[in-house]
file data_27.pdb (PDB, C-alpha atoms and all ligand atoms)
ATOM      1  CA  MET A  64      -2.515 208.114 -72.111
ATOM      2  CA  ALA A  65      -0.110 210.066 -74.263
ATOM      3  CA  GLU A  66       3.422 208.994 -73.524
ATOM      4  CA  GLY A  67       5.335 211.822 -75.091
ATOM      5  CA  ARG A  68       5.132 214.201 -77.961
ATOM      6  CA  GLU A  69       7.833 213.959 -80.564
ATOM      7  CA  LYS A  70       8.298 216.126 -83.579
ATOM      8  CA  GLY A  71       9.855 214.636 -86.653
ATOM      9  CA  LEU A  72       9.489 210.924 -85.831
ATOM     10  CA  SER A  73      10.897 209.033 -88.782
ATOM     11  CA  GLN A  74       7.477 208.621 -90.309
ATOM     12  CA  ARG A  75       5.140 211.179 -91.841
ATOM     13  CA  CYS A  76       1.465 210.627 -91.121
ATOM     14  CA  PRO A  77       0.196 208.411 -93.953
ATOM     15  CA  LEU A  78      -3.079 210.336 -94.120
ATOM     16  CA  CYS A  79      -2.171 214.032 -93.748
ATOM     17  CA  ALA A  80       1.668 213.937 -94.069
ATOM     18  CA  GLY A  81       1.954 215.696 -90.701
ATOM     19  CA  VAL A  82       5.171 215.159 -88.724
ATOM     20  CA  ASP A  83       3.945 216.106 -85.247
ATOM     21  CA  HIS A  84       3.014 212.898 -83.411
ATOM     22  CA  GLU A  85       2.730 211.649 -79.873
ATOM     23  CA  ARG A  86       3.341 208.095 -78.759
ATOM     24  CA  VAL A  87       0.243 206.369 -77.382
ATOM     25  CA  SER A  88       1.650 202.880 -76.848
ATOM     26  CA  ARG A  89       5.001 201.087 -76.653
ATOM     27  CA  ARG A  90       3.765 197.473 -76.808
ATOM     28  CA  GLY A  91       1.624 195.398 -79.140
ATOM     29  CA  ARG A  92      -1.024 192.930 -78.021
ATOM     30  CA  ASP A  93       1.591 190.166 -78.148
ATOM     31  CA  GLY A  94       3.575 192.009 -75.438
ATOM     32  CA  ARG A  95       6.469 192.738 -77.770
ATOM     33  CA  PRO A  96       7.735 196.306 -78.330
ATOM     34  CA  LEU A  97       5.611 198.207 -80.849
ATOM     35  CA  ASP A  98       5.467 201.992 -81.089
ATOM     36  CA  THR A  99       2.036 203.369 -81.919
ATOM     37  CA  VAL A 100       1.632 207.113 -82.427
ATOM     38  CA  LEU A 101      -1.169 209.665 -82.739
ATOM     39  CA  CYS A 102      -0.987 212.377 -85.410
ATOM     40  CA  ILE A 103      -1.667 215.762 -83.826
ATOM     41  CA  MET A 104      -2.886 217.217 -87.113
ATOM     42  CA  CYS A 105      -5.536 214.676 -88.212
ATOM     43  CA  GLY A 106      -6.014 212.335 -85.230
ATOM     44  CA  HIS A 107      -4.806 209.289 -87.149
ATOM     45  CA  VAL A 108      -3.242 206.479 -85.066
ATOM     46  CA  PHE A 109      -0.587 204.299 -86.672
ATOM     47  CA  ASN A 110       2.379 202.048 -85.935
ATOM     48  CA  SER A 111       5.691 203.814 -86.358
ATOM     49  CA  PRO A 112       7.752 203.064 -88.311
ATOM     50  CA  ILE A 113       5.384 201.709 -90.943
ATOM     51  CA  PRO A 114       6.890 198.508 -92.423
ATOM     52  CA  SER A 115       8.191 198.745 -95.989
ATOM     53  CA  VAL A 116       6.113 197.504 -98.925
ATOM     54  CA  ALA A 117       8.718 194.777 -99.568
ATOM     55  CA  ASP A 118       8.556 193.527 -95.957
ATOM     56  CA  LEU A 119       4.779 193.473 -96.010
ATOM     57  CA  ARG A 120       4.642 191.711 -99.350
ATOM     58  CA  THR A 121       6.768 188.850 -98.023
ATOM     59  CA  TYR A 122       4.825 188.742 -94.766
ATOM     60  CA  TYR A 123       1.403 188.518 -96.380
ATOM     61  CA  HIS A 124       2.456 186.308 -99.224
ATOM     62  CA  GLN A 125       3.402 183.454 -96.950
ATOM     63  CA  ALA A 126       3.357 184.003 -93.242
ATOM     64  CA  TYR A 127       0.357 186.018 -92.198
ATOM     65  CA  ARG A 128      -2.407 183.465 -92.299
ATOM     66  CA  ALA A 129      -0.249 180.857 -90.605
ATOM     67  CA  GLU A 130       0.666 183.248 -87.811
ATOM     68  CA  TYR A 131      -2.859 184.500 -87.429
ATOM     69  CA  LYS A 132      -4.845 181.303 -87.456
ATOM     70  CA  GLY A 133      -2.267 178.686 -86.589
ATOM     71  CA  VAL A 134      -2.838 176.854 -89.861
ATOM     72  CA  VAL A 135      -1.677 177.383 -93.420
ATOM     73  CA  ARG A 136      -4.849 176.124 -95.039
ATOM     74  CA  PRO A 137      -8.207 176.718 -93.378
ATOM     75  CA  LYS A 138     -10.036 173.899 -91.691
ATOM     76  CA  ALA A 139     -13.722 173.118 -92.252
ATOM     77  CA  ARG A 140     -14.560 175.107 -89.113
ATOM     78  CA  HIS A 141     -12.814 178.163 -90.525
ATOM     79  CA  VAL A 142     -14.691 177.839 -93.823
ATOM     80  CA  LEU A 143     -17.970 177.582 -91.903
ATOM     81  CA  ARG A 144     -17.104 180.649 -89.818
ATOM     82  CA  ALA A 145     -15.998 182.642 -92.874
ATOM     83  CA  GLY A 146     -19.133 181.521 -94.703
ATOM     84  CA  ILE A 147     -21.468 182.712 -91.945
ATOM     85  CA  ARG A 148     -19.660 186.058 -91.829
ATOM     86  CA  ALA A 149     -19.892 186.223 -95.639
ATOM     87  CA  LEU A 150     -23.678 185.724 -95.481
ATOM     88  CA  GLU A 151     -23.945 188.678 -93.076
ATOM     89  CA  ARG A 152     -21.905 190.819 -95.475
ATOM     90  CA  LEU A 153     -24.061 189.626 -98.359
ATOM     91  CA  ALA A 154     -27.253 190.581 -96.514
ATOM     92  CA  GLN A 155     -25.929 194.146 -96.219
ATOM     93  CA  LEU A 156     -24.783 194.198 -99.856
ATOM     94  CA  ARG A 157     -28.177 193.083-101.143
ATOM     95  CA  THR A 158     -29.816 196.117 -99.533
ATOM     96  CA  LEU A 159     -27.379 198.425-101.349
ATOM     97  CA  ALA A 160     -26.731 197.101-104.856
ATOM     98  CA  SER A 161     -28.564 195.242-107.606
ATOM     99  CA  THR A 162     -27.519 191.600-107.892
ATOM    100  CA  SER A 163     -26.239 192.155-111.440
ATOM    101  CA  ALA A 164     -23.502 194.469-110.103
ATOM    102  CA  ARG A 165     -19.829 193.788-110.834
ATOM    103  CA  LEU A 166     -18.214 193.193-107.461
ATOM    104  CA  LEU A 167     -14.555 193.167-106.436
ATOM    105  CA  ASP A 168     -13.624 191.860-102.976
ATOM    106  CA  VAL A 169     -10.226 193.136-101.819
ATOM    107  CA  GLY A 170      -8.586 190.654 -99.424
ATOM    108  CA  ALA A 171     -10.798 187.794-100.587
ATOM    109  CA  GLY A 172      -9.260 185.193 -98.230
ATOM    110  CA  GLY A 173     -10.528 181.711 -99.077
ATOM    111  CA  GLY A 174     -13.114 183.173-101.487
ATOM    112  CA  GLU A 175     -16.167 182.358 -99.336
ATOM    113  CA  PHE A 176     -17.778 185.773 -99.814
ATOM    114  CA  ILE A 177     -17.189 185.772-103.586
ATOM    115  CA  TYR A 178     -18.617 182.272-103.898
ATOM    116  CA  LEU A 179     -21.794 183.200-102.009
ATOM    117  CA  ALA A 180     -22.101 186.574-103.779
ATOM    118  CA  GLY A 181     -21.883 184.641-107.052
ATOM    119  CA  LYS A 182     -24.735 182.404-105.915
ATOM    120  CA  ALA A 183     -26.755 185.566-105.207
ATOM    121  CA  GLY A 184     -26.170 186.716-108.807
ATOM    122  CA  PHE A 185     -23.292 189.180-108.469
ATOM    123  CA  ALA A 186     -20.464 189.089-111.007
ATOM    124  CA  ALA A 187     -17.954 188.690-108.194
ATOM    125  CA  ARG A 188     -14.190 188.404-108.202
ATOM    126  CA  GLY A 189     -11.399 189.107-105.767
ATOM    127  CA  ILE A 190      -7.795 189.920-104.988
ATOM    128  CA  GLU A 191      -5.922 188.075-102.255
ATOM    129  CA  PRO A 192      -2.241 188.582-101.360
ATOM    130  CA  HIS A 193      -1.802 185.145 -99.764
ATOM    131  CA  GLN A 194      -0.853 182.570-102.368
ATOM    132  CA  GLY A 195      -2.299 179.546-100.540
ATOM    133  CA  TYR A 196      -5.664 181.176 -99.942
ATOM    134  CA  ALA A 197      -5.969 182.468-103.512
ATOM    135  CA  GLU A 198      -5.085 179.029-104.908
ATOM    136  CA  GLN A 199      -7.520 177.340-102.577
ATOM    137  CA  ALA A 200     -10.324 179.729-103.511
ATOM    138  CA  ARG A 201      -9.799 178.958-107.183
ATOM    139  CA  ALA A 202      -9.335 175.199-106.785
ATOM    140  CA  MET A 203     -11.968 174.429-104.161
ATOM    141  CA  LEU A 204     -14.649 176.997-104.989
ATOM    142  CA  GLY A 205     -13.927 177.759-108.645
ATOM    143  CA  VAL A 206     -14.046 181.500-107.989
ATOM    144  CA  ASP A 207     -12.047 184.226-109.738
ATOM    145  CA  VAL A 208      -9.439 185.261-107.142
ATOM    146  CA  VAL A 209      -6.187 186.805-108.326
ATOM    147  CA  ASN A 210      -3.139 186.328-106.100
ATOM    148  CA  ALA A 211      -1.800 189.893-105.886
ATOM    149  CA  ALA A 212      -1.154 192.705-103.481
ATOM    150  CA  MET A 213      -3.598 195.544-103.974
ATOM    151  CA  GLN A 214      -1.002 197.867-105.488
ATOM    152  CA  ASP A 215      -0.058 195.210-108.099
ATOM    153  CA  ALA A 216      -3.562 194.156-109.157
ATOM    154  CA  ALA A 217      -4.449 194.963-112.759
ATOM    155  CA  VAL A 218      -8.047 196.206-112.605
ATOM    156  CA  PRO A 219      -9.283 198.434-115.478
ATOM    157  CA  GLU A 220     -10.493 201.908-114.496
ATOM    158  CA  GLU A 221     -14.248 202.354-113.923
ATOM    159  CA  SER A 222     -14.889 198.628-114.424
ATOM    160  CA  ILE A 223     -16.355 197.782-110.992
ATOM    161  CA  ASP A 224     -19.731 198.694-109.460
ATOM    162  CA  VAL A 225     -19.006 197.629-105.871
ATOM    163  CA  VAL A 226     -15.713 197.239-103.997
ATOM    164  CA  THR A 227     -15.819 195.463-100.647
ATOM    165  CA  ILE A 228     -12.757 195.714 -98.419
ATOM    166  CA  HIS A 229     -13.229 194.130 -95.008
ATOM    167  CA  HIS A 230     -10.453 194.201 -92.428
ATOM    168  CA  VAL A 231      -7.800 195.037 -95.005
ATOM    169  CA  LEU A 232      -7.300 198.818 -94.984
ATOM    170  CA  GLU A 233      -5.690 198.748 -91.540
ATOM    171  CA  HIS A 234      -3.029 196.346 -92.846
ATOM    172  CA  LEU A 235      -1.892 198.448 -95.819
ATOM    173  CA  PRO A 236       1.166 200.719 -95.675
ATOM    174  CA  ASP A 237      -0.642 203.524 -97.513
ATOM    175  CA  PRO A 238      -4.419 203.516 -96.972
ATOM    176  CA  ARG A 239      -4.776 206.834 -98.803
ATOM    177  CA  ALA A 240      -3.249 205.349-101.975
ATOM    178  CA  ALA A 241      -5.441 202.248-101.570
ATOM    179  CA  LEU A 242      -8.623 204.343-101.402
ATOM    180  CA  SER A 243      -7.526 206.346-104.471
ATOM    181  CA  ARG A 244      -6.945 203.117-106.341
ATOM    182  CA  ILE A 245     -10.422 201.859-105.418
ATOM    183  CA  TRP A 246     -11.834 205.208-106.576
ATOM    184  CA  GLN A 247     -10.226 204.626-109.992
ATOM    185  CA  TRP A 248     -11.590 201.077-110.263
ATOM    186  CA  LEU A 249     -15.163 202.105-109.420
ATOM    187  CA  THR A 250     -17.689 203.449-111.878
ATOM    188  CA  PRO A 251     -18.960 206.986-111.103
ATOM    189  CA  GLY A 252     -21.442 206.558-108.253
ATOM    190  CA  GLY A 253     -20.000 203.091-107.547
ATOM    191  CA  LEU A 254     -20.140 201.723-104.016
ATOM    192  CA  LEU A 255     -17.386 201.206-101.496
ATOM    193  CA  ILE A 256     -18.093 199.032 -98.442
ATOM    194  CA  VAL A 257     -15.224 199.147 -95.985
ATOM    195  CA  GLU A 258     -14.897 197.614 -92.541
ATOM    196  CA  VAL A 259     -12.006 198.121 -90.107
ATOM    197  CA  PRO A 260     -11.359 197.702 -86.377
ATOM    198  CA  ASN A 261     -12.248 200.722 -84.260
ATOM    199  CA  VAL A 262      -9.538 202.354 -82.157
ATOM    200  CA  ALA A 263     -12.286 203.474 -79.756
ATOM    201  CA  SER A 264     -13.625 199.918 -79.398
ATOM    202  CA  ARG A 265     -13.987 198.537 -75.875
ATOM    203  CA  TYR A 266     -14.081 194.924 -77.053
ATOM    204  CA  HIS A 267     -10.425 194.148 -76.265
ATOM    205  CA  ALA A 268      -8.575 194.984 -73.052
ATOM    206  CA  PRO A 269      -6.628 198.275 -73.415
ATOM    207  CA  ARG A 270      -3.291 196.424 -73.392
ATOM    208  CA  ARG A 271      -4.463 194.356 -76.359
ATOM    209  CA  ARG A 272      -5.527 197.369 -78.383
ATOM    210  CA  PHE A 273      -2.575 197.690 -80.767
ATOM    211  CA  HIS A 274      -1.418 195.039 -83.162
ATOM    212  CA  ARG A 275       1.700 194.678 -85.312
ATOM    213  CA  ALA A 276      -0.334 193.677 -88.366
ATOM    214  CA  HIS A 277      -2.826 196.516 -87.877
ATOM    215  CA  ILE A 278      -0.682 199.424 -88.999
ATOM    216  CA  HIS A 279      -3.565 201.909 -88.822
ATOM    217  CA  ALA A 280      -6.232 202.482 -86.207
ATOM    218  CA  PHE A 281      -9.264 204.585 -87.137
ATOM    219  CA  ASN A 282     -12.124 205.925 -85.109
ATOM    220  CA  GLU A 283     -15.475 206.521 -86.787
ATOM    221  CA  THR A 284     -14.748 210.159 -87.657
ATOM    222  CA  GLY A 285     -11.241 209.357 -88.897
ATOM    223  CA  LEU A 286     -12.449 206.600 -91.232
ATOM    224  CA  ASN A 287     -15.073 208.982 -92.607
ATOM    225  CA  ASP A 288     -12.371 211.620 -93.143
ATOM    226  CA  ALA A 289     -10.064 209.196 -94.980
ATOM    227  CA  VAL A 290     -12.832 207.983 -97.288
ATOM    228  CA  THR A 291     -14.296 211.456 -97.926
ATOM    229  CA  ASN A 292     -10.882 212.968 -98.694
ATOM    230  CA  ALA A 293     -10.285 210.173-101.224
ATOM    231  CA  GLY A 294     -13.330 211.273-103.216
ATOM    232  CA  PHE A 295     -16.263 209.411-101.726
ATOM    233  CA  THR A 296     -19.522 210.540-100.158
ATOM    234  CA  ALA A 297     -20.472 208.563 -97.068
ATOM    235  CA  VAL A 298     -23.871 206.859 -97.297
ATOM    236  CA  ALA A 299     -24.018 204.969 -93.993
ATOM    237  CA  SER A 300     -21.661 204.585 -91.064
ATOM    238  CA  THR A 301     -22.301 201.789 -88.566
ATOM    239  CA  VAL A 302     -20.578 200.601 -85.406
ATOM    240  CA  VAL A 303     -20.956 196.801 -85.415
ATOM    241  CA  PRO A 304     -22.452 195.478 -82.142
ATOM    242  CA  GLU A 305     -20.114 193.845 -79.597
ATOM    243  CA  THR A 306     -16.792 194.104 -81.520
ATOM    244  CA  GLU A 307     -17.548 197.787 -82.290
ATOM    245  CA  HIS A 308     -15.882 197.426 -85.707
ATOM    246  CA  LEU A 309     -16.523 200.300 -88.093
ATOM    247  CA  ASN A 310     -18.564 199.617 -91.217
ATOM    248  CA  LEU A 311     -18.790 202.428 -93.749
ATOM    249  CA  VAL A 312     -20.699 202.552 -97.029
ATOM    250  CA  ALA A 313     -19.736 205.322 -99.455
ATOM    251  CA  ARG A 314     -20.265 206.267-103.085
ATOM    252  CA  ARG A 315     -17.618 207.437-105.506
ATOM    253  CA  SER A 316     -18.046 211.188-106.034
ATOM    254  CA  GLN A 317     -15.273 213.804-106.440
ATOM    255  CA  PRO A 318     -11.918 213.963-104.627
ATOM    256  CA  ALA A 319     -11.769 216.896-102.205
ATOM    257  CA  ALA A 320      -9.771 219.856-103.538
ATOM    258  CA  THR A 321      -8.287 220.316-100.081
ATOM    259  CA  PRO A 322      -8.378 217.452 -97.571
ATOM    260  CA  SER A 323     -10.160 218.276 -94.340
ATOM    261  CA  TRP A 324     -10.113 216.482 -90.997
ATOM    262  CA  ARG A 325     -12.959 216.344 -88.539
ATOM    263  CA  ALA A 326     -11.188 213.790 -86.343
ATOM    264  CA  THR A 327      -8.940 215.418 -83.760
ATOM    265  CA  ALA A 328      -6.097 214.255 -81.548
ATOM    266  CA  SER A 329      -7.990 215.370 -78.438
ATOM    267  CA  GLN A 330     -11.021 213.255 -79.423
ATOM    268  CA  ILE A 331      -8.801 210.176 -79.839
ATOM    269  CA  ARG A 332      -6.950 210.879 -76.579
ATOM    270  CA  ALA A 333     -10.281 211.028 -74.742
ATOM    271  CA  GLN A 334     -11.488 207.787 -76.371
ATOM    272  CA  LEU A 335      -8.275 205.948 -75.473
ATOM    273  CA  ALA A 336      -8.300 207.299 -71.919
ATOM    274  CA  ALA A 337     -11.953 206.304 -71.370
ATOM    275  CA  HIS A 338     -11.176 202.631 -71.972
ATOM    276  CA  THR A 339      -9.283 201.547 -68.862
ATOM    277  CA  ALA A 340      -8.450 198.035 -67.650
ATOM    278  CA  VAL A 341     -10.886 198.471 -64.753
ATOM    279  CA  ALA A 342     -13.715 199.706 -66.973
ATOM    280  CA  HIS A 343     -13.059 196.775 -69.297
ATOM    281  CA  ALA A 344     -13.168 194.217 -66.470
ATOM    282  CA  MET A 345     -16.391 195.756 -65.106
ATOM    283  CA  SER A 346     -18.095 195.812 -68.513
ATOM    284  CA  GLY A 347     -18.656 192.050 -68.614
ATOM    285  CA  ARG A 348     -17.046 191.877 -72.062
ATOM    286  CA  PRO A 349     -14.113 189.612 -71.031
ATOM    287  CA  LEU A 350     -16.537 187.015 -69.655
ATOM    288  CA  ARG A 351     -18.864 187.275 -72.622
ATOM    289  CA  ARG A 352     -15.939 186.819 -75.009
ATOM    290  CA  LEU A 353     -14.573 183.875 -73.013
ATOM    291  CA  TRP A 354     -17.964 182.185 -73.132
ATOM    292  CA  ALA A 355     -18.442 182.888 -76.848
ATOM    293  CA  ASN A 356     -14.958 181.564 -77.660
ATOM    294  CA  ALA A 357     -15.523 178.423 -75.593
ATOM    295  CA  LYS A 358     -18.921 177.750 -77.124
ATOM    296  CA  ARG A 359     -18.064 178.485 -80.745
ATOM    297  CA  PRO A 360     -15.963 175.387 -81.625
ATOM    298  CA  ILE A 361     -18.601 173.121 -80.072
ATOM    299  CA  VAL A 362     -21.423 174.725 -82.046
ATOM    300  CA  GLU A 363     -19.330 174.646 -85.224
ATOM    301  CA  SER A 364     -18.367 170.984 -84.770
ATOM    302  CA  TYR A 365     -22.018 170.097 -84.231
ATOM    303  CA  GLN A 366     -23.068 171.976 -87.372
ATOM    304  CA  LEU A 367     -20.350 170.242 -89.397
ATOM    305  CA  LEU A 368     -21.275 166.794 -88.078
ATOM    306  CA  ARG A 369     -24.674 167.167 -89.713
ATOM    307  CA  LEU A 370     -23.090 167.647 -93.144
ATOM    308  CA  SER A 371     -22.364 164.774 -95.499
ATOM    309  CA  ASP A 372     -20.124 166.991 -97.671
ATOM    310  CA  ARG A 373     -17.592 168.896 -95.568
ATOM    311  CA  SER A 374     -15.624 170.292 -98.502
ATOM    312  CA  PRO A 375     -15.544 174.136 -98.676
ATOM    313  CA  ARG A 376     -18.123 174.041-101.472
ATOM    314  CA  GLY A 377     -20.315 171.575 -99.567
ATOM    315  CA  ILE A 378     -20.230 173.724 -96.432
ATOM    316  CA  LEU A 379     -21.064 176.946 -98.274
ATOM    317  CA  ASP A 380     -23.810 175.337-100.355
ATOM    318  CA  HIS A 381     -25.330 174.056 -97.136
ATOM    319  CA  ILE A 382     -25.392 177.394 -95.298
ATOM    320  CA  TRP A 383     -26.647 179.114 -98.432
ATOM    321  CA  LYS A 384     -29.537 176.654 -98.692
ATOM    322  CA  GLU A 385     -30.318 177.037 -94.980
ATOM    323  CA  LYS A 386     -30.231 180.832 -94.845
ATOM    324  CA  CYS A 387     -30.970 182.123 -98.346
ATOM    325  CA  SER A 388     -33.335 179.799-100.165
TER     326      SER A 388
HETATM  327 ZN    ZN A 401      -2.190 212.950 -89.834
END
call {"tool": "encode", "arguments": {"input": "data_27.pdb", "output": "structure tokens"}}
result
Amino acid sequence: MAEGREKGLSQRCPLCAGVDHERVSRRGRDGRPLDTVLCIMCGHVFNSPIPSVADLRTYYHQAYRAEYKGVVRPKARHVLRAGIRALERLAQLRTLASTSARLLDVGAGGGEFIYLAGKAGFAARGIEPHQGYAEQARAMLGVDVVNAAMQDAAVPEESIDVVTIHHVLEHLPDPRAALSRIWQWLTPGGLLIVEVPNVASRYHAPRRRFHRAHIHAFNETGLNDAVTNAGFTAVASTVVPETEHLNLVARRSQPAATPSWRATASQIRAQLAAHTAVAHAMSGRPLRRLWANAKRPIVESYQLLRLSDRSPRGILDHIWKEKCS
């Protein structure tokens, strides 16, 4: 799997600052050239070079959602989908924190999770780098979403009881700095709930494993390492069924005096090598995904047809009533 070991690639490892990397892929899932490397020291996988903060700011401010979803503002179906996902996240949150907790959602998107968390009693607010989504969350759902990149957000120290950050960490140029910032925002003992894609996942075909927008790729051990080294104690680590995303719950404790790494390059190499195109085809996953993707818009359209109010608020109020009351 390794395509060549190169010392001194332009980029230092964003987690351990190591300079000894090997290339694990030359193409992204879109087929365009994209170099992805594995850090020999800590087993972290990342795109090299990492885009600059300025490039990323422009990208996320305007373009990302449009490129990703094919629309600039989400359709009713997307609100419904985000709302159902938000209810699943909320179910997990309610087992972990009291409903009076102050919650900050990093990468709040259209604000669906914050809106539903608010209905459950949480004092919930969010940060979202995309201007259109942040504006829509405020206008359509009346939720407190600030349009800012994480590094620019003004959040007082020790003012938050729970930070949720779902499918965001892998997009940030410096995940270590992001975790330190979250540590500062949280009260002592405060909760971090983080979810990221899993580099060891077998959900996608191997050639679709790496993604321009996903700068970092963690395995379960590596995510634990990153969070622990930033001053958290892991409470629960889960591999989500089917997608095999990584979900980690941790509490703010003390930053490690010396960072330590349990993830290793050889472990990652073995995980990447185990997921071959043949194994993927034989697993039944491509067919299952095809079927799920074909069925989903039909089910969603049917659900929406039954609603008299198909505004974002109407959709979320409906699923809340159906599932939570
Ligand atoms: Zn490293």
call {"tool": "resolve_selection", "arguments": {"input": "data_27.pdb", "expression": "the PyMOL selection byres (((chain A and resi 87) around 12) and not hetatm)", "output": "PyMOL selection string"}}
result
chain A and resi 64-69+84-86+88-91+97-103+106-111+262+269-270+272-273+280+328+331-336
call {"tool": "resolve_selection", "arguments": {"input": "data_27.pdb", "expression": "the PyMOL selection byres (((chain A and resi 303-318) around 10) and not hetatm)", "output": "PDB file with C-alpha atoms, in the frame of the given file"}}
result
ATOM      1  CA  GLN A 155     -25.929 194.146 -96.219  1.00  0.00           C
ATOM      2  CA  LEU A 156     -24.783 194.198 -99.856  1.00  0.00           C
ATOM      3  CA  LEU A 159     -27.379 198.425-101.349  1.00  0.00           C
ATOM      4  CA  ASP A 224     -19.731 198.694-109.460  1.00  0.00           C
ATOM      5  CA  VAL A 225     -19.006 197.629-105.871  1.00  0.00           C
ATOM      6  CA  THR A 227     -15.819 195.463-100.647  1.00  0.00           C
ATOM      7  CA  HIS A 229     -13.229 194.130 -95.008  1.00  0.00           C
ATOM      8  CA  HIS A 230     -10.453 194.201 -92.428  1.00  0.00           C
ATOM      9  CA  SER A 243      -7.526 206.346-104.471  1.00  0.00           C
ATOM     10  CA  ILE A 245     -10.422 201.859-105.418  1.00  0.00           C
ATOM     11  CA  TRP A 246     -11.834 205.208-106.576  1.00  0.00           C
ATOM     12  CA  GLN A 247     -10.226 204.626-109.992  1.00  0.00           C
ATOM     13  CA  TRP A 248     -11.590 201.077-110.263  1.00  0.00           C
ATOM     14  CA  LEU A 249     -15.163 202.105-109.420  1.00  0.00           C
ATOM     15  CA  THR A 250     -17.689 203.449-111.878  1.00  0.00           C
ATOM     16  CA  PRO A 251     -18.960 206.986-111.103  1.00  0.00           C
ATOM     17  CA  GLY A 252     -21.442 206.558-108.253  1.00  0.00           C
ATOM     18  CA  GLY A 253     -20.000 203.091-107.547  1.00  0.00           C
ATOM     19  CA  LEU A 254     -20.140 201.723-104.016  1.00  0.00           C
ATOM     20  CA  LEU A 255     -17.386 201.206-101.496  1.00  0.00           C
ATOM     21  CA  ILE A 256     -18.093 199.032 -98.442  1.00  0.00           C
ATOM     22  CA  VAL A 257     -15.224 199.147 -95.985  1.00  0.00           C
ATOM     23  CA  GLU A 258     -14.897 197.614 -92.541  1.00  0.00           C
ATOM     24  CA  VAL A 259     -12.006 198.121 -90.107  1.00  0.00           C
ATOM     25  CA  PRO A 260     -11.359 197.702 -86.377  1.00  0.00           C
ATOM     26  CA  ASN A 261     -12.248 200.722 -84.260  1.00  0.00           C
ATOM     27  CA  VAL A 262      -9.538 202.354 -82.157  1.00  0.00           C
ATOM     28  CA  ALA A 263     -12.286 203.474 -79.756  1.00  0.00           C
ATOM     29  CA  SER A 264     -13.625 199.918 -79.398  1.00  0.00           C
ATOM     30  CA  ARG A 265     -13.987 198.537 -75.875  1.00  0.00           C
ATOM     31  CA  TYR A 266     -14.081 194.924 -77.053  1.00  0.00           C
ATOM     32  CA  HIS A 267     -10.425 194.148 -76.265  1.00  0.00           C
ATOM     33  CA  PHE A 281      -9.264 204.585 -87.137  1.00  0.00           C
ATOM     34  CA  ASN A 282     -12.124 205.925 -85.109  1.00  0.00           C
ATOM     35  CA  GLU A 283     -15.475 206.521 -86.787  1.00  0.00           C
ATOM     36  CA  LEU A 286     -12.449 206.600 -91.232  1.00  0.00           C
ATOM     37  CA  ASN A 287     -15.073 208.982 -92.607  1.00  0.00           C
ATOM     38  CA  VAL A 290     -12.832 207.983 -97.288  1.00  0.00           C
ATOM     39  CA  THR A 291     -14.296 211.456 -97.926  1.00  0.00           C
ATOM     40  CA  ASN A 292     -10.882 212.968 -98.694  1.00  0.00           C
ATOM     41  CA  ALA A 293     -10.285 210.173-101.224  1.00  0.00           C
ATOM     42  CA  GLY A 294     -13.330 211.273-103.216  1.00  0.00           C
ATOM     43  CA  PHE A 295     -16.263 209.411-101.726  1.00  0.00           C
ATOM     44  CA  THR A 296     -19.522 210.540-100.158  1.00  0.00           C
ATOM     45  CA  ALA A 297     -20.472 208.563 -97.068  1.00  0.00           C
ATOM     46  CA  VAL A 298     -23.871 206.859 -97.297  1.00  0.00           C
ATOM     47  CA  ALA A 299     -24.018 204.969 -93.993  1.00  0.00           C
ATOM     48  CA  SER A 300     -21.661 204.585 -91.064  1.00  0.00           C
ATOM     49  CA  THR A 301     -22.301 201.789 -88.566  1.00  0.00           C
ATOM     50  CA  VAL A 302     -20.578 200.601 -85.406  1.00  0.00           C
ATOM     51  CA  ALA A 319     -11.769 216.896-102.205  1.00  0.00           C
ATOM     52  CA  ALA A 320      -9.771 219.856-103.538  1.00  0.00           C
ATOM     53  CA  THR A 321      -8.287 220.316-100.081  1.00  0.00           C
ATOM     54  CA  PRO A 322      -8.378 217.452 -97.571  1.00  0.00           C
ATOM     55  CA  ARG A 348     -17.046 191.877 -72.062  1.00  0.00           C
ATOM     56  CA  ARG A 351     -18.864 187.275 -72.622  1.00  0.00           C
ATOM     57  CA  ARG A 352     -15.939 186.819 -75.009  1.00  0.00           C
TER      58      ARG A 352
END
call {"tool": "residues_around", "arguments": {"input": "data_27.pdb", "residues": "Ile177 in chain A", "least_positions_apart": "3", "cutoff": "7 Å", "atoms": "all atoms listed in the file", "output": "ChimeraX atom specification"}}
result
/A:174,180-181,187-188,206
call {"tool": "write_last_selection", "arguments": {"input": "data_27.pdb", "atoms": "C-alpha atoms", "output": "mmCIF file, in the frame of the given file"}}
result
data_model
loop_
_atom_site.group_PDB
_atom_site.id
_atom_site.type_symbol
_atom_site.label_atom_id
_atom_site.label_comp_id
_atom_site.auth_asym_id
_atom_site.auth_seq_id
_atom_site.Cartn_x
_atom_site.Cartn_y
_atom_site.Cartn_z
ATOM 1 C CA GLY A 174 -13.114 183.173 -101.487
ATOM 2 C CA ALA A 180 -22.101 186.574 -103.779
ATOM 3 C CA GLY A 181 -21.883 184.641 -107.052
ATOM 4 C CA ALA A 187 -17.954 188.690 -108.194
ATOM 5 C CA ARG A 188 -14.190 188.404 -108.202
ATOM 6 C CA VAL A 206 -14.046 181.500 -107.989
#
call {"tool": "atom_distance", "arguments": {"input": "data_27.pdb", "atom1": "CA of Ala200 in chain A", "atom2": "CA of Ala241 in chain A"}}
result
23.1 Å
call {"tool": "closest_residue", "arguments": {"input": "data_27.pdb", "among": "A:Leu150, A:Val341, A:Ile378, A:Cys79", "to": "ligand ZN 401 (chain A)", "atoms": "all atoms listed in the file"}}
result
A:Cys79
call {"tool": "closest_residue", "arguments": {"input": "data_27.pdb", "among": "A:Val208, A:Val218, A:Leu78, A:Ile228", "to": "ligand ZN 401 (chain A)", "atoms": "only C-alpha atoms and all ligand atoms"}}
result
A:Leu78
